[in-house]
>>> print(open('model.cif').read())   # mmCIF, N, CA and C atoms
data_upload
loop_
_atom_site.label_atom_id
_atom_site.label_comp_id
_atom_site.auth_asym_id
_atom_site.auth_seq_id
_atom_site.Cartn_x
_atom_site.Cartn_y
_atom_site.Cartn_z
N MET A 259 68.19 23.95 91.94
CA MET A 259 67.48 23.85 90.69
C MET A 259 67.05 25.25 90.22
N ILE A 260 66.64 26.06 91.17
CA ILE A 260 66.21 27.42 90.80
C ILE A 260 67.39 28.22 90.28
N LEU A 261 68.55 28.04 90.90
CA LEU A 261 69.75 28.74 90.42
C LEU A 261 70.10 28.32 89.00
N ALA A 262 70.03 27.02 88.73
CA ALA A 262 70.34 26.53 87.39
C ALA A 262 69.34 27.07 86.36
N SER A 263 68.06 27.05 86.69
CA SER A 263 67.07 27.55 85.74
C SER A 263 67.21 29.06 85.55
N SER A 264 67.52 29.77 86.62
CA SER A 264 67.74 31.20 86.50
C SER A 264 68.93 31.50 85.59
N ALA A 265 70.00 30.73 85.76
CA ALA A 265 71.19 30.93 84.92
C ALA A 265 70.86 30.67 83.46
N VAL A 266 70.09 29.64 83.19
CA VAL A 266 69.75 29.32 81.80
C VAL A 266 68.85 30.41 81.21
N VAL A 267 67.79 30.75 81.92
CA VAL A 267 66.82 31.70 81.37
C VAL A 267 67.38 33.11 81.32
N ARG A 268 67.90 33.57 82.43
CA ARG A 268 68.35 34.97 82.51
C ARG A 268 69.69 35.18 81.81
N ASP A 269 70.68 34.42 82.23
CA ASP A 269 72.03 34.65 81.73
C ASP A 269 72.20 34.16 80.30
N PHE A 270 71.77 32.97 80.04
CA PHE A 270 71.97 32.42 78.70
C PHE A 270 70.92 32.93 77.72
N GLY A 271 69.65 32.77 78.09
CA GLY A 271 68.58 33.16 77.18
C GLY A 271 68.50 34.64 76.90
N GLN A 272 68.55 35.44 77.97
CA GLN A 272 68.40 36.88 77.79
C GLN A 272 69.70 37.56 77.39
N LYS A 273 70.76 37.29 78.10
CA LYS A 273 71.99 38.05 77.88
C LYS A 273 72.80 37.55 76.70
N ILE A 274 72.97 36.24 76.57
CA ILE A 274 73.82 35.71 75.50
C ILE A 274 73.06 35.66 74.18
N LEU A 275 71.85 35.10 74.21
CA LEU A 275 71.07 34.99 72.97
C LEU A 275 70.32 36.27 72.65
N GLY A 276 70.19 37.15 73.64
CA GLY A 276 69.52 38.42 73.41
C GLY A 276 68.02 38.30 73.23
N ALA A 277 67.42 37.27 73.81
CA ALA A 277 65.99 37.07 73.66
C ALA A 277 65.23 38.09 74.50
N ALA A 278 64.45 38.91 73.86
CA ALA A 278 63.65 39.92 74.57
C ALA A 278 62.25 39.36 74.74
N ARG A 279 61.92 38.95 75.93
CA ARG A 279 60.62 38.36 76.23
C ARG A 279 60.01 39.07 77.43
N GLY A 280 58.71 38.95 77.56
CA GLY A 280 58.03 39.54 78.71
C GLY A 280 58.27 38.72 79.96
N ASP A 281 57.93 39.31 81.11
CA ASP A 281 58.14 38.64 82.39
C ASP A 281 57.36 37.33 82.49
N GLY A 282 56.15 37.31 81.98
CA GLY A 282 55.33 36.09 82.02
C GLY A 282 55.97 34.95 81.26
N ARG A 283 56.47 35.26 80.08
CA ARG A 283 57.10 34.22 79.26
C ARG A 283 58.40 33.74 79.92
N LEU A 284 59.18 34.67 80.46
CA LEU A 284 60.41 34.28 81.15
C LEU A 284 60.10 33.42 82.37
N SER A 285 59.03 33.73 83.07
CA SER A 285 58.61 32.94 84.22
C SER A 285 58.25 31.51 83.79
N ARG A 286 57.53 31.37 82.68
CA ARG A 286 57.19 30.04 82.16
C ARG A 286 58.44 29.28 81.75
N TYR A 287 59.38 29.96 81.09
CA TYR A 287 60.64 29.31 80.72
C TYR A 287 61.37 28.83 81.96
N GLY A 288 61.40 29.68 82.99
CA GLY A 288 62.07 29.31 84.23
C GLY A 288 61.46 28.08 84.88
N LYS A 289 60.13 28.02 84.90
CA LYS A 289 59.45 26.85 85.48
C LYS A 289 59.76 25.59 84.67
N PHE A 290 59.75 25.73 83.36
CA PHE A 290 60.05 24.58 82.50
C PHE A 290 61.48 24.08 82.74
N VAL A 291 62.43 25.00 82.76
CA VAL A 291 63.83 24.61 82.96
C VAL A 291 64.03 24.02 84.36
N THR A 292 63.36 24.55 85.38
CA THR A 292 63.46 23.99 86.73
C THR A 292 62.95 22.55 86.74
N ALA A 293 61.81 22.30 86.11
CA ALA A 293 61.27 20.93 86.03
C ALA A 293 62.22 20.02 85.26
N LEU A 294 62.80 20.52 84.19
CA LEU A 294 63.73 19.72 83.39
C LEU A 294 64.98 19.37 84.20
N VAL A 295 65.53 20.32 84.94
CA VAL A 295 66.70 20.06 85.79
C VAL A 295 66.34 19.02 86.85
N GLY A 296 65.17 19.13 87.44
CA GLY A 296 64.72 18.15 88.43
C GLY A 296 64.59 16.77 87.85
N LEU A 297 64.04 16.67 86.65
CA LEU A 297 63.90 15.36 86.00
C LEU A 297 65.25 14.74 85.67
N VAL A 298 66.17 15.56 85.25
CA VAL A 298 67.52 15.05 84.95
C VAL A 298 68.23 14.63 86.23
N ALA A 299 67.98 15.31 87.34
CA ALA A 299 68.66 15.00 88.60
C ALA A 299 68.13 13.73 89.27
N ILE A 300 66.87 13.35 89.02
CA ILE A 300 66.29 12.19 89.70
C ILE A 300 67.09 10.91 89.46
N PRO A 301 67.45 10.55 88.23
CA PRO A 301 68.23 9.31 88.06
C PRO A 301 69.58 9.35 88.78
N PHE A 302 70.20 10.51 88.80
CA PHE A 302 71.47 10.61 89.52
C PHE A 302 71.27 10.39 91.02
N ALA A 303 70.20 10.95 91.55
CA ALA A 303 69.93 10.81 92.98
C ALA A 303 69.59 9.37 93.34
N LEU A 304 68.89 8.69 92.46
CA LEU A 304 68.46 7.32 92.76
C LEU A 304 69.53 6.28 92.51
N PHE A 305 70.31 6.45 91.46
CA PHE A 305 71.21 5.38 91.04
C PHE A 305 72.69 5.70 91.19
N GLU A 306 73.03 6.91 91.50
CA GLU A 306 74.44 7.29 91.58
C GLU A 306 74.77 8.06 92.85
N PRO A 307 74.46 7.55 94.05
CA PRO A 307 74.80 8.29 95.27
C PRO A 307 76.29 8.64 95.39
N PRO A 308 77.23 7.76 94.98
CA PRO A 308 78.64 8.18 95.07
C PRO A 308 78.95 9.40 94.21
N LEU A 309 78.30 9.51 93.06
CA LEU A 309 78.51 10.67 92.19
C LEU A 309 78.03 11.95 92.88
N LEU A 310 76.89 11.87 93.55
CA LEU A 310 76.39 13.03 94.29
C LEU A 310 77.34 13.41 95.41
N PHE A 311 77.92 12.41 96.08
CA PHE A 311 78.88 12.70 97.13
C PHE A 311 80.07 13.48 96.57
N TRP A 312 80.58 13.08 95.41
CA TRP A 312 81.72 13.78 94.80
C TRP A 312 81.34 15.20 94.41
N PHE A 313 80.14 15.38 93.87
CA PHE A 313 79.69 16.73 93.53
C PHE A 313 79.63 17.61 94.76
N MET A 314 79.07 17.10 95.85
CA MET A 314 78.96 17.89 97.07
C MET A 314 80.33 18.16 97.69
N LEU A 315 81.20 17.18 97.62
CA LEU A 315 82.55 17.35 98.16
C LEU A 315 83.26 18.51 97.48
N PHE A 316 83.20 18.52 96.16
CA PHE A 316 83.91 19.57 95.43
C PHE A 316 83.10 20.85 95.32
N ALA A 317 81.83 20.82 95.66
CA ALA A 317 81.05 22.05 95.64
C ALA A 317 81.61 23.05 96.64
N TRP A 318 82.08 22.58 97.78
CA TRP A 318 82.60 23.49 98.79
C TRP A 318 84.11 23.63 98.70
N SER A 319 84.82 22.53 98.79
CA SER A 319 86.28 22.64 98.80
C SER A 319 86.83 23.07 97.45
N GLY A 320 86.26 22.57 96.36
CA GLY A 320 86.74 22.95 95.03
C GLY A 320 86.49 24.41 94.72
N LEU A 321 85.30 24.87 95.05
CA LEU A 321 85.00 26.28 94.82
C LEU A 321 85.81 27.18 95.74
N GLY A 322 86.00 26.74 96.97
CA GLY A 322 86.82 27.51 97.90
C GLY A 322 88.26 27.62 97.42
N GLY A 323 88.83 26.51 96.98
CA GLY A 323 90.20 26.52 96.47
C GLY A 323 90.34 27.37 95.21
N ALA A 324 89.28 27.41 94.43
CA ALA A 324 89.33 28.18 93.18
C ALA A 324 89.13 29.67 93.40
N PHE A 325 88.21 30.06 94.26
CA PHE A 325 87.81 31.47 94.33
C PHE A 325 88.35 32.26 95.52
N VAL A 326 88.55 31.63 96.66
CA VAL A 326 88.99 32.38 97.85
C VAL A 326 90.33 33.09 97.62
N PRO A 327 91.37 32.42 97.10
CA PRO A 327 92.63 33.14 96.89
C PRO A 327 92.49 34.32 95.93
N VAL A 328 91.73 34.12 94.87
CA VAL A 328 91.57 35.18 93.87
C VAL A 328 90.80 36.36 94.45
N ILE A 329 89.77 36.10 95.21
CA ILE A 329 88.98 37.19 95.82
C ILE A 329 89.84 37.95 96.82
N LEU A 330 90.55 37.24 97.68
CA LEU A 330 91.39 37.92 98.67
C LEU A 330 92.50 38.73 98.01
N CYS A 331 93.15 38.15 97.01
CA CYS A 331 94.20 38.91 96.31
C CYS A 331 93.62 40.13 95.61
N SER A 332 92.47 39.98 95.00
CA SER A 332 91.85 41.11 94.30
C SER A 332 91.46 42.23 95.26
N LEU A 333 91.03 41.85 96.45
CA LEU A 333 90.60 42.87 97.41
C LEU A 333 91.76 43.57 98.12
N PHE A 334 92.86 42.84 98.34
CA PHE A 334 93.92 43.39 99.19
C PHE A 334 95.27 43.58 98.51
N TRP A 335 95.39 43.23 97.22
CA TRP A 335 96.67 43.37 96.54
C TRP A 335 96.44 44.00 95.18
N LYS A 336 96.89 45.22 95.00
CA LYS A 336 96.60 45.94 93.76
C LYS A 336 97.33 45.38 92.55
N ARG A 337 98.24 44.47 92.74
CA ARG A 337 99.03 43.92 91.63
C ARG A 337 98.36 42.72 90.97
N THR A 338 97.21 42.28 91.47
CA THR A 338 96.50 41.13 90.90
C THR A 338 96.08 41.43 89.46
N THR A 339 96.33 40.49 88.56
CA THR A 339 95.97 40.65 87.15
C THR A 339 94.97 39.58 86.74
N LEU A 340 94.33 39.79 85.61
CA LEU A 340 93.38 38.80 85.09
C LEU A 340 94.04 37.46 84.82
N PRO A 341 95.20 37.41 84.13
CA PRO A 341 95.85 36.10 83.95
C PRO A 341 96.21 35.44 85.28
N GLY A 342 96.60 36.25 86.27
CA GLY A 342 96.90 35.70 87.59
C GLY A 342 95.66 35.12 88.25
N ALA A 343 94.54 35.82 88.12
CA ALA A 343 93.29 35.32 88.70
C ALA A 343 92.85 34.03 88.03
N LEU A 344 92.95 33.97 86.72
CA LEU A 344 92.57 32.74 86.01
C LEU A 344 93.47 31.58 86.38
N ALA A 345 94.77 31.84 86.48
CA ALA A 345 95.71 30.78 86.89
C ALA A 345 95.43 30.33 88.31
N GLY A 346 95.11 31.26 89.19
CA GLY A 346 94.79 30.91 90.58
C GLY A 346 93.54 30.07 90.69
N MET A 347 92.52 30.41 89.91
CA MET A 347 91.29 29.62 89.94
C MET A 347 91.54 28.20 89.43
N ALA A 348 92.27 28.09 88.33
CA ALA A 348 92.54 26.76 87.76
C ALA A 348 93.40 25.93 88.70
N ALA A 349 94.45 26.52 89.23
CA ALA A 349 95.35 25.78 90.12
C ALA A 349 94.66 25.39 91.42
N GLY A 350 93.91 26.31 92.01
CA GLY A 350 93.22 26.00 93.26
C GLY A 350 92.25 24.85 93.11
N PHE A 351 91.45 24.87 92.05
CA PHE A 351 90.50 23.78 91.84
C PHE A 351 91.21 22.48 91.51
N ALA A 352 92.20 22.53 90.62
CA ALA A 352 92.90 21.31 90.21
C ALA A 352 93.61 20.65 91.39
N VAL A 353 94.27 21.44 92.21
CA VAL A 353 94.98 20.87 93.36
C VAL A 353 93.98 20.30 94.37
N THR A 354 92.86 20.95 94.56
CA THR A 354 91.85 20.43 95.48
C THR A 354 91.37 19.05 95.03
N VAL A 355 91.05 18.91 93.77
CA VAL A 355 90.59 17.63 93.24
C VAL A 355 91.71 16.59 93.29
N ALA A 356 92.90 16.98 92.86
CA ALA A 356 94.03 16.04 92.87
C ALA A 356 94.36 15.58 94.29
N TRP A 357 94.24 16.48 95.24
CA TRP A 357 94.54 16.12 96.63
C TRP A 357 93.60 15.01 97.11
N VAL A 358 92.32 15.15 96.82
CA VAL A 358 91.36 14.14 97.26
C VAL A 358 91.63 12.80 96.56
N VAL A 359 91.86 12.86 95.27
CA VAL A 359 92.01 11.64 94.48
C VAL A 359 93.35 10.95 94.73
N LEU A 360 94.42 11.72 94.87
CA LEU A 360 95.75 11.12 94.90
C LEU A 360 96.46 11.13 96.26
N PHE A 361 96.27 12.14 97.07
CA PHE A 361 97.15 12.32 98.22
C PHE A 361 96.49 12.28 99.60
N LYS A 362 95.22 12.53 99.70
CA LYS A 362 94.57 12.76 100.99
C LYS A 362 94.83 11.63 101.99
N ALA A 363 94.69 10.39 101.57
CA ALA A 363 94.87 9.26 102.48
C ALA A 363 96.29 9.16 103.01
N SER A 364 97.27 9.61 102.23
CA SER A 364 98.68 9.51 102.63
C SER A 364 99.12 10.64 103.54
N TYR A 365 98.35 11.69 103.65
CA TYR A 365 98.75 12.87 104.43
C TYR A 365 97.78 13.15 105.57
N TYR A 366 97.52 12.13 106.37
CA TYR A 366 96.75 12.26 107.59
C TYR A 366 95.37 12.88 107.37
N ASP A 367 94.77 12.59 106.23
CA ASP A 367 93.44 13.10 105.92
C ASP A 367 93.35 14.62 105.96
N LEU A 368 94.43 15.31 105.55
CA LEU A 368 94.43 16.77 105.52
C LEU A 368 93.30 17.26 104.61
N TYR A 369 92.51 18.19 105.12
CA TYR A 369 91.38 18.72 104.37
C TYR A 369 91.87 19.33 103.06
N GLU A 370 91.25 18.93 101.96
CA GLU A 370 91.71 19.28 100.62
C GLU A 370 91.67 20.78 100.32
N LEU A 371 90.89 21.53 101.06
CA LEU A 371 90.84 22.97 100.81
C LEU A 371 92.17 23.65 101.13
N ILE A 372 92.90 23.14 102.10
CA ILE A 372 94.16 23.77 102.51
C ILE A 372 95.18 23.76 101.38
N PRO A 373 95.51 22.60 100.78
CA PRO A 373 96.44 22.66 99.64
C PRO A 373 95.87 23.43 98.44
N GLY A 374 94.55 23.39 98.27
CA GLY A 374 93.93 24.16 97.19
C GLY A 374 94.12 25.66 97.38
N LEU A 375 93.96 26.13 98.62
CA LEU A 375 94.18 27.55 98.91
C LEU A 375 95.63 27.94 98.69
N ILE A 376 96.55 27.09 99.12
CA ILE A 376 97.97 27.39 98.94
C ILE A 376 98.33 27.46 97.46
N ALA A 377 97.87 26.47 96.69
CA ALA A 377 98.17 26.45 95.25
C ALA A 377 97.51 27.61 94.53
N GLY A 378 96.26 27.91 94.87
CA GLY A 378 95.56 29.02 94.22
C GLY A 378 96.21 30.36 94.51
N THR A 379 96.61 30.55 95.76
CA THR A 379 97.29 31.80 96.12
C THR A 379 98.63 31.91 95.42
N ALA A 380 99.40 30.83 95.43
CA ALA A 380 100.72 30.85 94.78
C ALA A 380 100.59 31.13 93.29
N ALA A 381 99.67 30.48 92.63
CA ALA A 381 99.50 30.69 91.18
C ALA A 381 99.05 32.12 90.89
N THR A 382 98.13 32.65 91.69
CA THR A 382 97.66 34.02 91.49
C THR A 382 98.82 35.01 91.63
N VAL A 383 99.61 34.85 92.67
CA VAL A 383 100.71 35.77 92.92
C VAL A 383 101.80 35.64 91.85
N ILE A 384 102.22 34.43 91.55
CA ILE A 384 103.31 34.22 90.59
C ILE A 384 102.93 34.74 89.20
N VAL A 385 101.76 34.37 88.73
CA VAL A 385 101.35 34.80 87.38
C VAL A 385 101.09 36.30 87.36
N SER A 386 100.52 36.85 88.42
CA SER A 386 100.29 38.30 88.47
C SER A 386 101.60 39.07 88.45
N LEU A 387 102.63 38.55 89.11
CA LEU A 387 103.94 39.22 89.10
C LEU A 387 104.60 39.14 87.72
N ARG A 388 104.24 38.15 86.94
CA ARG A 388 104.84 37.97 85.61
C ARG A 388 104.05 38.64 84.50
N THR A 389 102.89 39.19 84.82
CA THR A 389 102.07 39.87 83.82
C THR A 389 101.82 41.31 84.27
N GLU A 390 101.55 42.16 83.32
CA GLU A 390 101.33 43.57 83.60
C GLU A 390 99.86 43.85 83.85
N PRO A 391 99.55 44.60 84.92
CA PRO A 391 98.15 44.99 85.14
C PRO A 391 97.74 46.03 84.09
N PRO A 392 96.46 46.15 83.81
CA PRO A 392 96.02 47.14 82.83
C PRO A 392 96.27 48.56 83.34
N ASP A 393 96.39 49.49 82.42
CA ASP A 393 96.59 50.88 82.79
C ASP A 393 95.44 51.37 83.67
N GLY A 394 95.78 52.04 84.74
CA GLY A 394 94.78 52.61 85.62
C GLY A 394 94.28 51.66 86.70
N ALA A 395 94.74 50.42 86.70
CA ALA A 395 94.25 49.46 87.68
C ALA A 395 94.66 49.85 89.10
N ALA A 396 95.89 50.30 89.28
CA ALA A 396 96.37 50.68 90.62
C ALA A 396 95.59 51.90 91.13
N ALA A 397 95.33 52.87 90.26
CA ALA A 397 94.58 54.06 90.67
C ALA A 397 93.14 53.70 91.06
N GLU A 398 92.54 52.81 90.28
CA GLU A 398 91.17 52.38 90.60
C GLU A 398 91.14 51.62 91.93
N PHE A 399 92.15 50.77 92.15
CA PHE A 399 92.26 50.04 93.41
C PHE A 399 92.34 51.01 94.58
N GLU A 400 93.17 52.03 94.46
CA GLU A 400 93.33 53.02 95.53
C GLU A 400 92.04 53.81 95.74
N ASP A 401 91.34 54.16 94.66
CA ASP A 401 90.07 54.89 94.77
C ASP A 401 89.03 54.07 95.53
N VAL A 402 88.94 52.80 95.19
CA VAL A 402 87.98 51.92 95.88
C VAL A 402 88.33 51.82 97.37
N HIS A 403 89.60 51.62 97.68
CA HIS A 403 90.00 51.50 99.07
C HIS A 403 89.78 52.82 99.83
N ALA A 404 90.03 53.94 99.18
CA ALA A 404 89.79 55.23 99.84
C ALA A 404 88.30 55.42 100.11
N THR A 405 87.47 55.01 99.18
CA THR A 405 86.02 55.13 99.35
C THR A 405 85.54 54.23 100.50
N VAL A 406 86.07 53.02 100.55
CA VAL A 406 85.66 52.07 101.59
C VAL A 406 86.14 52.55 102.96
N ARG A 407 87.35 53.04 103.04
CA ARG A 407 87.88 53.55 104.31
C ARG A 407 87.11 54.77 104.78
N GLY A 408 86.63 55.59 103.85
CA GLY A 408 85.90 56.80 104.19
C GLY A 408 84.48 56.54 104.67
N SER A 409 83.96 55.35 104.40
CA SER A 409 82.58 55.03 104.78
C SER A 409 82.44 54.74 106.24
#
>>> encode(input="model.cif", output="structure tokens")
Amino acid sequence: MILASSAVVRDFGQKILGAARGDGRLSRYGKFVTALVGLVAIPFALFEPPLLFWFMLFAWSGLGGAFVPVILCSLFWKRTTLPGALAGMAAGFAVTVAWVVLFKASYYDLYELIPGLIAGTAATVIVSLRTEPPDGAAAEFEDVHATVRGS
């Protein structure tokens, strides 16, 4: 709840809308949004336990399938591009969800993160190879790696 209220107040309120407020006012907004998120969550917790199970299921495997391939490719492969990263995130998440809904029972209960990682990595690599990285991306990649190795 605190993360959600922080995202609303800080990221949306301050950065997107450009609201310049004092710390006290932002703190009050944060408390209000936290209470509002809690109130909205209560009916879901009381009347929709299966829905909460699905949210929790995809909170880990879905996010892992979406972000792990992109992060690893970005850190270790200088050819990763923005379109490749976006395709990898979409494919990883979509395959993770589709695996649970359509295929998991037929494939020996294989954990859905595994096909999500494979699809996310494949999409990141294929789309990155088909798109051009921005000018200077390879040099920046090498500079970062040289700095990290030197530490």
>>> resolve_selection(input="model.cif", expression="the PyMOL selection byres ((chain A and resi 338-355) around 8)", output="CSV table (one decimal) with N, CA and C atoms, keeping the file's coordinate frame")
chain,number,residue,atom,x,y,z
A,316,PHE,N,83.2,18.5,96.2
A,316,PHE,CA,83.9,19.6,95.4
A,316,PHE,C,83.1,20.8,95.3
A,319,SER,N,84.8,22.5,98.8
A,319,SER,CA,86.3,22.6,98.8
A,319,SER,C,86.8,23.1,97.4
A,320,GLY,N,86.3,22.6,96.4
A,320,GLY,CA,86.7,23.0,95.0
A,320,GLY,C,86.5,24.4,94.7
A,321,LEU,N,85.3,24.9,95.0
A,321,LEU,CA,85.0,26.3,94.8
A,321,LEU,C,85.8,27.2,95.7
A,322,GLY,N,86.0,26.7,97.0
A,322,GLY,CA,86.8,27.5,97.9
A,322,GLY,C,88.3,27.6,97.4
A,323,GLY,N,88.8,26.5,97.0
A,323,GLY,CA,90.2,26.5,96.5
A,323,GLY,C,90.3,27.4,95.2
A,324,ALA,N,89.3,27.4,94.4
A,324,ALA,CA,89.3,28.2,93.2
A,324,ALA,C,89.1,29.7,93.4
A,325,PHE,N,88.2,30.1,94.3
A,325,PHE,CA,87.8,31.5,94.3
A,325,PHE,C,88.4,32.3,95.5
A,326,VAL,N,88.6,31.6,96.7
A,326,VAL,CA,89.0,32.4,97.8
A,326,VAL,C,90.3,33.1,97.6
A,327,PRO,N,91.4,32.4,97.1
A,327,PRO,CA,92.6,33.1,96.9
A,327,PRO,C,92.5,34.3,95.9
A,328,VAL,N,91.7,34.1,94.9
A,328,VAL,CA,91.6,35.2,93.9
A,328,VAL,C,90.8,36.4,94.4
A,329,ILE,N,89.8,36.1,95.2
A,329,ILE,CA,89.0,37.2,95.8
A,329,ILE,C,89.8,38.0,96.8
A,331,CYS,N,93.2,38.2,97.0
A,331,CYS,CA,94.2,38.9,96.3
A,331,CYS,C,93.6,40.1,95.6
A,332,SER,N,92.5,40.0,95.0
A,332,SER,CA,91.8,41.1,94.3
A,332,SER,C,91.5,42.2,95.3
A,333,LEU,N,91.0,41.8,96.4
A,333,LEU,CA,90.6,42.9,97.4
A,333,LEU,C,91.8,43.6,98.1
A,334,PHE,N,92.9,42.8,98.3
A,334,PHE,CA,93.9,43.4,99.2
A,334,PHE,C,95.3,43.6,98.5
A,335,TRP,N,95.4,43.2,97.2
A,335,TRP,CA,96.7,43.4,96.5
A,335,TRP,C,96.4,44.0,95.2
A,336,LYS,N,96.9,45.2,95.0
A,336,LYS,CA,96.6,45.9,93.8
A,336,LYS,C,97.3,45.4,92.6
A,337,ARG,N,98.2,44.5,92.7
A,337,ARG,CA,99.0,43.9,91.6
A,337,ARG,C,98.4,42.7,91.0
A,356,ALA,N,92.9,17.0,92.9
A,356,ALA,CA,94.0,16.0,92.9
A,356,ALA,C,94.4,15.6,94.3
A,357,TRP,N,94.2,16.5,95.2
A,357,TRP,CA,94.5,16.1,96.6
A,357,TRP,C,93.6,15.0,97.1
A,358,VAL,N,92.3,15.2,96.8
A,358,VAL,CA,91.4,14.1,97.3
A,358,VAL,C,91.6,12.8,96.6
A,359,VAL,N,91.9,12.9,95.3
A,359,VAL,CA,92.0,11.6,94.5
A,359,VAL,C,93.4,11.0,94.7
A,360,LEU,N,94.4,11.7,94.9
A,360,LEU,CA,95.8,11.1,94.9
A,360,LEU,C,96.5,11.1,96.3
A,361,PHE,N,96.3,12.1,97.1
A,361,PHE,CA,97.2,12.3,98.2
A,361,PHE,C,96.5,12.3,99.6
A,369,TYR,N,92.5,18.2,105.1
A,369,TYR,CA,91.4,18.7,104.4
A,369,TYR,C,91.9,19.3,103.1
A,370,GLU,N,91.2,18.9,102.0
A,370,GLU,CA,91.7,19.3,100.6
A,370,GLU,C,91.7,20.8,100.3
A,371,LEU,N,90.9,21.5,101.1
A,371,LEU,CA,90.8,23.0,100.8
A,371,LEU,C,92.2,23.6,101.1
A,372,ILE,N,92.9,23.1,102.1
A,372,ILE,CA,94.2,23.8,102.5
A,372,ILE,C,95.2,23.8,101.4
A,373,PRO,N,95.5,22.6,100.8
A,373,PRO,CA,96.4,22.7,99.6
A,373,PRO,C,95.9,23.4,98.4
A,374,GLY,N,94.6,23.4,98.3
A,374,GLY,CA,93.9,24.2,97.2
A,374,GLY,C,94.1,25.7,97.4
A,375,LEU,N,94.0,26.1,98.6
A,375,LEU,CA,94.2,27.6,98.9
A,375,LEU,C,95.6,27.9,98.7
A,376,ILE,N,96.6,27.1,99.1
A,376,ILE,CA,98.0,27.4,98.9
A,376,ILE,C,98.3,27.5,97.5
A,377,ALA,N,97.9,26.5,96.7
A,377,ALA,CA,98.2,26.4,95.2
A,377,ALA,C,97.5,27.6,94.5
A,378,GLY,N,96.3,27.9,94.9
A,378,GLY,CA,95.6,29.0,94.2
A,378,GLY,C,96.2,30.4,94.5
A,379,THR,N,96.6,30.6,95.8
A,379,THR,CA,97.3,31.8,96.1
A,379,THR,C,98.6,31.9,95.4
A,380,ALA,N,99.4,30.8,95.4
A,380,ALA,CA,100.7,30.8,94.8
A,380,ALA,C,100.6,31.1,93.3
A,381,ALA,N,99.7,30.5,92.6
A,381,ALA,CA,99.5,30.7,91.2
A,381,ALA,C,99.0,32.1,90.9
A,382,THR,N,98.1,32.6,91.7
A,382,THR,CA,97.7,34.0,91.5
A,382,THR,C,98.8,35.0,91.6
A,383,VAL,N,99.6,34.8,92.7
A,383,VAL,CA,100.7,35.8,92.9
A,383,VAL,C,101.8,35.6,91.8
A,384,ILE,N,102.2,34.4,91.6
A,384,ILE,CA,103.3,34.2,90.6
A,384,ILE,C,102.9,34.7,89.2
A,385,VAL,N,101.8,34.4,88.7
A,385,VAL,CA,101.4,34.8,87.4
A,385,VAL,C,101.1,36.3,87.4
A,386,SER,N,100.5,36.8,88.4
A,386,SER,CA,100.3,38.3,88.5
A,386,SER,C,101.6,39.1,88.4
A,387,LEU,N,102.6,38.6,89.1
A,387,LEU,CA,103.9,39.2,89.1
A,387,LEU,C,104.6,39.1,87.7
A,388,ARG,N,104.2,38.2,86.9
A,388,ARG,CA,104.8,38.0,85.6
A,388,ARG,C,104.0,38.6,84.5
A,389,THR,N,102.9,39.2,84.8
A,389,THR,CA,102.1,39.9,83.8
A,389,THR,C,101.8,41.3,84.3
A,390,GLU,N,101.6,42.2,83.3
A,390,GLU,CA,101.3,43.6,83.6
A,390,GLU,C,99.9,43.8,83.8
A,391,PRO,N,99.6,44.6,84.9
A,391,PRO,CA,98.2,45.0,85.1
A,391,PRO,C,97.7,46.0,84.1
A,392,PRO,N,96.5,46.2,83.8
A,392,PRO,CA,96.0,47.1,82.8
A,392,PRO,C,96.3,48.6,83.3
>>> residues_around(input="model.cif", residues="A:Lys289", least_positions_apart="5", cutoff="8 Å", atoms="all atoms listed in the file", output="PyMOL selection string")
chain A and resi 263-264+283-284+294-295
>>> write_last_selection(input="model.cif", atoms="N, CA and C atoms", output="compact mmCIF listing (two decimals), keeping the file's coordinate frame")
# COMPACT_ATOMS: atom_id res chain seq x y z
N SER A 263 68.06 27.05 86.69
CA SER A 263 67.07 27.55 85.74
C SER A 263 67.21 29.06 85.55
N SER A 264 67.52 29.77 86.62
CA SER A 264 67.74 31.20 86.50
C SER A 264 68.93 31.50 85.59
N ARG A 283 56.47 35.26 80.08
CA ARG A 283 57.10 34.22 79.26
C ARG A 283 58.40 33.74 79.92
N LEU A 284 59.18 34.67 80.46
CA LEU A 284 60.41 34.28 81.15
C LEU A 284 60.10 33.42 82.37
N LEU A 294 62.80 20.52 84.19
CA LEU A 294 63.73 19.72 83.39
C LEU A 294 64.98 19.37 84.20
N VAL A 295 65.53 20.32 84.94
CA VAL A 295 66.70 20.06 85.79
C VAL A 295 66.34 19.02 86.85
>>> atom_distance(input="model.cif", atom1="atom C of A:Arg286", atom2="atom N of A:Ile300")
19.4 Å
>>> resolve_selection(input="model.cif", expression="the PyMOL selection byres (((chain A and resi 260 and name CA) around 12) and name CA)", output="VMD selection string")
chain A and resid 259 261 to 268 285 287 to 296
>>> atom_distance(input="model.cif", atom1="atom N of A:Asp269", atom2="atom CA of A:Phe311")
27.6 Å
>>> atom_distance(input="model.cif", atom1="atom N of A:Asp367", atom2="atom C of A:Phe302")
28.1 Å
